[in-house]
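Visitor: Dumping the structure here so I can ask a few things about it.
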Amino acid sequence: MDIKKAMEILRENGYKNTSQRKIILDVICKQKRPYKANEIFNMVSEATSGINFSTVYRNLELFLNLGIINKISLNESFNYYELSTGKHRHHIICKLCGVVKEIDLCPFKDMEISELEKLGFEPKEHKFEIYGICSKCKNNMIK
């Protein structure tokens with residue numbers, strides 16, 4: 001998804017395309033990895049003055065509800081936000097620095113769905129996250 005498509009979704013759902021929403025979306029669209037709400041706020045604050053955290057957070061929730069972004073909840077402590085691509089994603093998370101990276105691996109696709117169907121269960125979504133130590137933190141530990 002790009003900023004043009006995101007703005008179209010807002011318009012189609014009766015929301016105004018404000019300059020603040022455009023700046024928040026622009027920041028999210030430029031990122032290569034998920035970020036916490038306060039990190040997004042800091043990047044937005046660098047791009048414009050006079051915006052507060054609650055405005056950024058409310059818009060993140062709006063974008064989430066409209067399917068523009070995805071929220072990744074980790075350990076019930078942190079939420080990360082990333083632009084929606086229309087496909088589900090899985091992540092690796094560093095337990096030391098908290099960096100989150102997408103991986104192109106889905107163990108669910110290899111599961112026997114028939115076993116779930118036998119139980120009368122129809123899966124709608126799933127999560128797969130691997131926690132560990134990233135190479136940067138690992139290298140810092142060695143020094």
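Residues are named by chain letter and number: chains run A, B, ... in the order of the structure tokens, numbers start at 1 in each chain, and ligands are numbered from 1 in the order shown.
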With only C-alpha atoms as the counted atoms, please give the residues lying no more than 9 Å from Pro123 in chain A, apart from itself and same-chain residues fewer than 6 positions off, as a ChimeraX atom specification.
Guide: /A:113,116-117
Visitor: Can those selected residues be exported to a file as a PDB file, in the first residue's frame so that it contains C-alpha atoms?
Guide:
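And here is the file that came out, part.pdb:
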ATOM      1  CA  ILE A 113      -5.386 -27.874   7.967  1.00  0.00           C
ATOM      2  CA  LEU A 116      -8.160 -28.398  12.427  1.00  0.00           C
ATOM      3  CA  GLU A 117     -11.166 -29.061  10.210  1.00  0.00           C
TER       4      GLU A 117
END
Visitor: May I ask which of the residues A:Ile3, A:Met43, A:Met111, A:Ala37 is the closest one to Leu60 in chain A, counting only C-alpha atoms?
Guide: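 Between A:Ile3, A:Met43, A:Met111, A:Ala37, the residue approaching Leu60 in chain A most closely is A:Ala37.
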Visitor: As a PyMOL selection string, please: the residues near Asp2 in chain A (cut-off 10 Å, only C-alpha atoms, same-chain neighbours under 6 positions excluded).
Guide: chain A and resi 25-26+28-30+68+83-85
Visitor: Go ahead and compute the interatomic distance for CA of Met141 in chain A and CA of His91 in chain A, in Å to one decimal.
Guide: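 Between these atoms lies a distance of 22.6 Å.
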Visitor: Using Å and a single decimal, report how far CA of Phe41 in chain A sits from CA of Ile69 in chain A.
Guide: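 CA of Ile69 in chain A sits 15.2 Å away from CA of Phe41 in chain A.
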Visitor: Residues of range 23-112 of chain A that approach range 8-11 of chain A to 10 Å or less, counting only C-alpha atoms: could you list each one with the shortest pair of atoms and its distance in Å to one decimal, rows by chain and increasing residue number, as a tab-separated table?
Guide:
residue	atom	partner	partner_atom	distance
A:Leu62	CA	A:Leu10	CA	9.1
A:Phe63	CA	A:Leu10	CA	8.2
A:Leu66	CA	A:Ile9	CA	7.3
A:Gly67	CA	A:Ile9	CA	8.8
A:Ile68	CA	A:Ile9	CA	7.8
Visitor: Using only C-alpha atoms, find the one residue out of A:Val99, A:Ala6, A:Ile142, A:Cys94 that sits nearest to Leu64 in chain A.
Guide: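 Closest to Leu64 in chain A, using only C-alpha atoms: A:Ala6.
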Visitor: What does the distance from CA of Glu129 in chain A to CA of Ile92 in chain A come to in Å, to one decimal?
Guide: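 A separation of 5.7 Å between them.
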Visitor: With only C-alpha atoms as the basis for distance, which of A:Thr18, A:Ser114, A:Asn59, A:Asn79 is at the shortest distance from Gly98 in chain A?
Guide: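 Checking each candidate against Gly98 in chain A, we get A:Asn79 as the closest.
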Visitor: Run DSSP on the backbone and tell me which residues of chain A come out as helix (DSSP H, G or I); list them as a PDB file with N, CA and C atoms, in the first residue's frame.
Guide:
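After the write, out_38.pdb holds the following:
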ATOM      1  N   ILE A   3       0.829   5.810   0.047  1.00  0.00           N
ATOM      2  CA  ILE A   3       0.114   6.918   0.683  1.00  0.00           C
ATOM      3  C   ILE A   3      -1.139   7.308  -0.108  1.00  0.00           C
ATOM      4  N   LYS A   4      -1.066   7.221  -1.435  1.00  0.00           N
ATOM      5  CA  LYS A   4      -2.220   7.554  -2.280  1.00  0.00           C
ATOM      6  C   LYS A   4      -3.388   6.611  -1.992  1.00  0.00           C
ATOM      7  N   LYS A   5      -3.108   5.321  -1.918  1.00  0.00           N
ATOM      8  CA  LYS A   5      -4.143   4.326  -1.624  1.00  0.00           C
ATOM      9  C   LYS A   5      -4.706   4.532  -0.217  1.00  0.00           C
ATOM     10  N   ALA A   6      -3.829   4.828   0.745  1.00  0.00           N
ATOM     11  CA  ALA A   6      -4.268   5.061   2.122  1.00  0.00           C
ATOM     12  C   ALA A   6      -5.211   6.261   2.197  1.00  0.00           C
ATOM     13  N   MET A   7      -4.866   7.334   1.505  1.00  0.00           N
ATOM     14  CA  MET A   7      -5.719   8.524   1.498  1.00  0.00           C
ATOM     15  C   MET A   7      -7.064   8.236   0.828  1.00  0.00           C
ATOM     16  N   GLU A   8      -7.039   7.401  -0.177  1.00  0.00           N
ATOM     17  CA  GLU A   8      -8.277   6.991  -0.854  1.00  0.00           C
ATOM     18  C   GLU A   8      -9.173   6.212   0.103  1.00  0.00           C
ATOM     19  N   ILE A   9      -8.593   5.321   0.879  1.00  0.00           N
ATOM     20  CA  ILE A   9      -9.361   4.543   1.858  1.00  0.00           C
ATOM     21  C   ILE A   9      -9.991   5.477   2.888  1.00  0.00           C
ATOM     22  N   LEU A  10      -9.240   6.461   3.346  1.00  0.00           N
ATOM     23  CA  LEU A  10      -9.789   7.436   4.290  1.00  0.00           C
ATOM     24  C   LEU A  10     -10.998   8.146   3.691  1.00  0.00           C
ATOM     25  N   ARG A  11     -10.847   8.648   2.467  1.00  0.00           N
ATOM     26  CA  ARG A  11     -11.918   9.366   1.779  1.00  0.00           C
ATOM     27  C   ARG A  11     -13.155   8.494   1.592  1.00  0.00           C
ATOM     28  N   GLU A  12     -12.936   7.252   1.159  1.00  0.00           N
ATOM     29  CA  GLU A  12     -14.049   6.330   0.919  1.00  0.00           C
ATOM     30  C   GLU A  12     -14.825   6.020   2.191  1.00  0.00           C
ATOM     31  N   SER A  19      -3.725  17.410   6.745  1.00  0.00           N
ATOM     32  CA  SER A  19      -2.264  17.475   6.591  1.00  0.00           C
ATOM     33  C   SER A  19      -1.577  16.618   7.653  1.00  0.00           C
ATOM     34  N   GLN A  20      -2.143  16.552   8.857  1.00  0.00           N
ATOM     35  CA  GLN A  20      -1.544  15.731   9.911  1.00  0.00           C
ATOM     36  C   GLN A  20      -1.614  14.243   9.547  1.00  0.00           C
ATOM     37  N   ARG A  21      -2.737  13.799   9.023  1.00  0.00           N
ATOM     38  CA  ARG A  21      -2.853  12.397   8.606  1.00  0.00           C
ATOM     39  C   ARG A  21      -1.876  12.087   7.484  1.00  0.00           C
ATOM     40  N   LYS A  22      -1.741  13.027   6.561  1.00  0.00           N
ATOM     41  CA  LYS A  22      -0.808  12.821   5.448  1.00  0.00           C
ATOM     42  C   LYS A  22       0.627  12.688   5.957  1.00  0.00           C
ATOM     43  N   ILE A  23       1.017  13.519   6.908  1.00  0.00           N
ATOM     44  CA  ILE A  23       2.374  13.453   7.461  1.00  0.00           C
ATOM     45  C   ILE A  23       2.597  12.137   8.198  1.00  0.00           C
ATOM     46  N   ILE A  24       1.624  11.714   8.994  1.00  0.00           N
ATOM     47  CA  ILE A  24       1.745  10.445   9.726  1.00  0.00           C
ATOM     48  C   ILE A  24       1.867   9.291   8.738  1.00  0.00           C
ATOM     49  N   LEU A  25       1.019   9.283   7.714  1.00  0.00           N
ATOM     50  CA  LEU A  25       1.083   8.223   6.702  1.00  0.00           C
ATOM     51  C   LEU A  25       2.400   8.260   5.937  1.00  0.00           C
ATOM     52  N   ASP A  26       2.880   9.453   5.647  1.00  0.00           N
ATOM     53  CA  ASP A  26       4.150   9.588   4.940  1.00  0.00           C
ATOM     54  C   ASP A  26       5.284   8.977   5.755  1.00  0.00           C
ATOM     55  N   VAL A  27       5.302   9.246   7.049  1.00  0.00           N
ATOM     56  CA  VAL A  27       6.324   8.676   7.930  1.00  0.00           C
ATOM     57  C   VAL A  27       6.229   7.149   7.940  1.00  0.00           C
ATOM     58  N   ILE A  28       5.027   6.619   8.068  1.00  0.00           N
ATOM     59  CA  ILE A  28       4.838   5.160   8.114  1.00  0.00           C
ATOM     60  C   ILE A  28       5.243   4.531   6.784  1.00  0.00           C
ATOM     61  N   CYS A  29       4.855   5.150   5.678  1.00  0.00           N
ATOM     62  CA  CYS A  29       5.153   4.594   4.354  1.00  0.00           C
ATOM     63  C   CYS A  29       6.652   4.527   4.070  1.00  0.00           C
ATOM     64  N   LYS A  30       7.431   5.416   4.652  1.00  0.00           N
ATOM     65  CA  LYS A  30       8.878   5.455   4.404  1.00  0.00           C
ATOM     66  C   LYS A  30       9.657   4.440   5.239  1.00  0.00           C
ATOM     67  N   ALA A  37       4.458   3.363  18.717  1.00  0.00           N
ATOM     68  CA  ALA A  37       3.730   4.624  18.548  1.00  0.00           C
ATOM     69  C   ALA A  37       4.598   5.822  18.927  1.00  0.00           C
ATOM     70  N   ASN A  38       5.372   5.718  20.003  1.00  0.00           N
ATOM     71  CA  ASN A  38       6.197   6.858  20.412  1.00  0.00           C
ATOM     72  C   ASN A  38       7.322   7.116  19.412  1.00  0.00           C
ATOM     73  N   GLU A  39       7.817   6.078  18.747  1.00  0.00           N
ATOM     74  CA  GLU A  39       8.842   6.273  17.722  1.00  0.00           C
ATOM     75  C   GLU A  39       8.241   6.974  16.498  1.00  0.00           C
ATOM     76  N   ILE A  40       7.033   6.579  16.140  1.00  0.00           N
ATOM     77  CA  ILE A  40       6.332   7.235  15.023  1.00  0.00           C
ATOM     78  C   ILE A  40       6.071   8.700  15.378  1.00  0.00           C
ATOM     79  N   PHE A  41       5.637   8.933  16.618  1.00  0.00           N
ATOM     80  CA  PHE A  41       5.408  10.310  17.075  1.00  0.00           C
ATOM     81  C   PHE A  41       6.679  11.142  16.954  1.00  0.00           C
ATOM     82  N   ASN A  42       7.816  10.590  17.368  1.00  0.00           N
ATOM     83  CA  ASN A  42       9.086  11.328  17.283  1.00  0.00           C
ATOM     84  C   ASN A  42       9.433  11.677  15.839  1.00  0.00           C
ATOM     85  N   MET A  43       9.223  10.727  14.922  1.00  0.00           N
ATOM     86  CA  MET A  43       9.516  10.990  13.506  1.00  0.00           C
ATOM     87  C   MET A  43       8.554  12.030  12.927  1.00  0.00           C
ATOM     88  N   VAL A  44       7.283  11.949  13.323  1.00  0.00           N
ATOM     89  CA  VAL A  44       6.289  12.925  12.855  1.00  0.00           C
ATOM     90  C   VAL A  44       6.624  14.310  13.407  1.00  0.00           C
ATOM     91  N   SER A  45       7.044  14.365  14.675  1.00  0.00           N
ATOM     92  CA  SER A  45       7.397  15.650  15.307  1.00  0.00           C
ATOM     93  C   SER A  45       8.567  16.319  14.610  1.00  0.00           C
ATOM     94  N   GLU A  46       9.482  15.522  14.073  1.00  0.00           N
ATOM     95  CA  GLU A  46      10.610  16.080  13.317  1.00  0.00           C
ATOM     96  C   GLU A  46      10.135  16.686  11.993  1.00  0.00           C
ATOM     97  N   ALA A  47       9.045  16.113  11.449  1.00  0.00           N
ATOM     98  CA  ALA A  47       8.537  16.574  10.153  1.00  0.00           C
ATOM     99  C   ALA A  47       7.604  17.779  10.275  1.00  0.00           C
ATOM    100  N   PHE A  53       1.111  13.662  20.858  1.00  0.00           N
ATOM    101  CA  PHE A  53       1.103  12.204  20.832  1.00  0.00           C
ATOM    102  C   PHE A  53      -0.312  11.648  20.678  1.00  0.00           C
ATOM    103  N   SER A  54      -1.278  12.255  21.357  1.00  0.00           N
ATOM    104  CA  SER A  54      -2.645  11.724  21.282  1.00  0.00           C
ATOM    105  C   SER A  54      -3.201  11.799  19.858  1.00  0.00           C
ATOM    106  N   THR A  55      -2.846  12.829  19.115  1.00  0.00           N
ATOM    107  CA  THR A  55      -3.278  12.944  17.719  1.00  0.00           C
ATOM    108  C   THR A  55      -2.669  11.819  16.881  1.00  0.00           C
ATOM    109  N   VAL A  56      -1.386  11.577  17.082  1.00  0.00           N
ATOM    110  CA  VAL A  56      -0.721  10.496  16.355  1.00  0.00           C
ATOM    111  C   VAL A  56      -1.347   9.163  16.728  1.00  0.00           C
ATOM    112  N   TYR A  57      -1.546   8.927  18.016  1.00  0.00           N
ATOM    113  CA  TYR A  57      -2.093   7.651  18.472  1.00  0.00           C
ATOM    114  C   TYR A  57      -3.518   7.436  17.950  1.00  0.00           C
ATOM    115  N   ARG A  58      -4.355   8.453  18.023  1.00  0.00           N
ATOM    116  CA  ARG A  58      -5.738   8.331  17.516  1.00  0.00           C
ATOM    117  C   ARG A  58      -5.742   7.998  16.028  1.00  0.00           C
ATOM    118  N   ASN A  59      -4.846   8.630  15.275  1.00  0.00           N
ATOM    119  CA  ASN A  59      -4.779   8.345  13.849  1.00  0.00           C
ATOM    120  C   ASN A  59      -4.238   6.948  13.577  1.00  0.00           C
ATOM    121  N   LEU A  60      -3.296   6.479  14.379  1.00  0.00           N
ATOM    122  CA  LEU A  60      -2.817   5.102  14.233  1.00  0.00           C
ATOM    123  C   LEU A  60      -3.974   4.122  14.429  1.00  0.00           C
ATOM    124  N   GLU A  61      -4.807   4.377  15.427  1.00  0.00           N
ATOM    125  CA  GLU A  61      -5.963   3.511  15.677  1.00  0.00           C
ATOM    126  C   GLU A  61      -6.962   3.576  14.515  1.00  0.00           C
ATOM    127  N   LEU A  62      -7.172   4.755  13.962  1.00  0.00           N
ATOM    128  CA  LEU A  62      -8.046   4.905  12.802  1.00  0.00           C
ATOM    129  C   LEU A  62      -7.489   4.125  11.613  1.00  0.00           C
ATOM    130  N   PHE A  63      -6.189   4.298  11.330  1.00  0.00           N
ATOM    131  CA  PHE A  63      -5.558   3.582  10.217  1.00  0.00           C
ATOM    132  C   PHE A  63      -5.643   2.081  10.423  1.00  0.00           C
ATOM    133  N   LEU A  64      -5.503   1.643  11.653  1.00  0.00           N
ATOM    134  CA  LEU A  64      -5.603   0.225  11.985  1.00  0.00           C
ATOM    135  C   LEU A  64      -7.012  -0.290  11.694  1.00  0.00           C
ATOM    136  N   ASN A  65      -8.020   0.432  12.152  1.00  0.00           N
ATOM    137  CA  ASN A  65      -9.416   0.031  11.939  1.00  0.00           C
ATOM    138  C   ASN A  65      -9.798  -0.007  10.468  1.00  0.00           C
ATOM    139  N   PRO A 107       5.175 -21.067   9.010  1.00  0.00           N
ATOM    140  CA  PRO A 107       5.028 -22.498   9.298  1.00  0.00           C
ATOM    141  C   PRO A 107       3.577 -22.967   9.206  1.00  0.00           C
ATOM    142  N   PHE A 108       2.638 -22.045   9.305  1.00  0.00           N
ATOM    143  CA  PHE A 108       1.225 -22.413   9.265  1.00  0.00           C
ATOM    144  C   PHE A 108       0.823 -22.980   7.912  1.00  0.00           C
ATOM    145  N   LYS A 109       1.446 -22.480   6.835  1.00  0.00           N
ATOM    146  CA  LYS A 109       1.059 -22.944   5.502  1.00  0.00           C
ATOM    147  C   LYS A 109       1.395 -24.417   5.291  1.00  0.00           C
ATOM    148  N   ASP A 110       2.340 -24.943   6.074  1.00  0.00           N
ATOM    149  CA  ASP A 110       2.712 -26.348   5.960  1.00  0.00           C
ATOM    150  C   ASP A 110       1.935 -27.247   6.920  1.00  0.00           C
ATOM    151  N   ILE A 113      -4.139 -28.589   7.704  1.00  0.00           N
ATOM    152  CA  ILE A 113      -5.386 -27.874   7.967  1.00  0.00           C
ATOM    153  C   ILE A 113      -6.513 -28.871   8.222  1.00  0.00           C
ATOM    154  N   SER A 114      -6.417 -30.049   7.623  1.00  0.00           N
ATOM    155  CA  SER A 114      -7.465 -31.053   7.801  1.00  0.00           C
ATOM    156  C   SER A 114      -7.618 -31.449   9.264  1.00  0.00           C
ATOM    157  N   GLU A 115      -6.537 -31.402  10.030  1.00  0.00           N
ATOM    158  CA  GLU A 115      -6.611 -31.719  11.461  1.00  0.00           C
ATOM    159  C   GLU A 115      -7.472 -30.694  12.194  1.00  0.00           C
ATOM    160  N   LEU A 116      -7.337 -29.442  11.819  1.00  0.00           N
ATOM    161  CA  LEU A 116      -8.160 -28.398  12.427  1.00  0.00           C
ATOM    162  C   LEU A 116      -9.613 -28.542  11.991  1.00  0.00           C
ATOM    163  N   GLU A 117      -9.810 -28.883  10.722  1.00  0.00           N
ATOM    164  CA  GLU A 117     -11.166 -29.061  10.210  1.00  0.00           C
ATOM    165  C   GLU A 117     -11.878 -30.217  10.913  1.00  0.00           C
ATOM    166  N   LYS A 118     -11.123 -31.276  11.242  1.00  0.00           N
ATOM    167  CA  LYS A 118     -11.704 -32.402  11.981  1.00  0.00           C
ATOM    168  C   LYS A 118     -12.240 -31.955  13.335  1.00  0.00           C
ATOM    169  N   SER A 135      21.916  -9.640  15.582  1.00  0.00           N
ATOM    170  CA  SER A 135      23.364  -9.693  15.345  1.00  0.00           C
ATOM    171  C   SER A 135      24.079  -8.485  15.948  1.00  0.00           C
ATOM    172  N   LYS A 136      23.452  -7.320  15.903  1.00  0.00           N
ATOM    173  CA  LYS A 136      24.070  -6.111  16.459  1.00  0.00           C
ATOM    174  C   LYS A 136      24.276  -6.255  17.972  1.00  0.00           C
ATOM    175  N   CYS A 137      23.239  -6.708  18.676  1.00  0.00           N
ATOM    176  CA  CYS A 137      23.351  -6.888  20.131  1.00  0.00           C
ATOM    177  C   CYS A 137      24.323  -8.012  20.469  1.00  0.00           C
ATOM    178  N   LYS A 138      24.288  -9.060  19.662  1.00  0.00           N
ATOM    179  CA  LYS A 138      25.199 -10.192  19.873  1.00  0.00           C
ATOM    180  C   LYS A 138      26.647  -9.740  19.736  1.00  0.00           C
ATOM    181  N   ASN A 139      26.934  -8.936  18.709  1.00  0.00           N
ATOM    182  CA  ASN A 139      28.296  -8.422  18.502  1.00  0.00           C
ATOM    183  C   ASN A 139      28.720  -7.505  19.646  1.00  0.00           C
ATOM    184  N   ASN A 140      27.773  -6.706  20.175  1.00  0.00           N
ATOM    185  CA  ASN A 140      28.091  -5.820  21.298  1.00  0.00           C
ATOM    186  C   ASN A 140      28.386  -6.606  22.569  1.00  0.00           C
ATOM    187  N   MET A 141      27.781  -7.779  22.710  1.00  0.00           N
ATOM    188  CA  MET A 141      28.011  -8.618  23.884  1.00  0.00           C
ATOM    189  C   MET A 141      29.405  -9.231  23.843  1.00  0.00           C
ATOM    190  N   ILE A 142      29.896  -9.498  22.654  1.00  0.00           N
ATOM    191  CA  ILE A 142      31.200 -10.154  22.484  1.00  0.00           C
ATOM    192  C   ILE A 142      32.324  -9.189  22.816  1.00  0.00           C
TER     193      ILE A 142
END
Visitor: Report as a PyMOL selection string: the residues of chain A with a DSSP assignment of strand (DSSP E), based on the backbone of this structure.
Guide: chain A and resi 35-36+69-74+78-83+90-94+100-103+129-132
Visitor: Just checking: using only C-alpha atoms, which residue out of A:Ile93, A:Ser77, A:Lys36, A:Val100 ends up closest to Ile130 in chain A?
Guide: A:Ile93
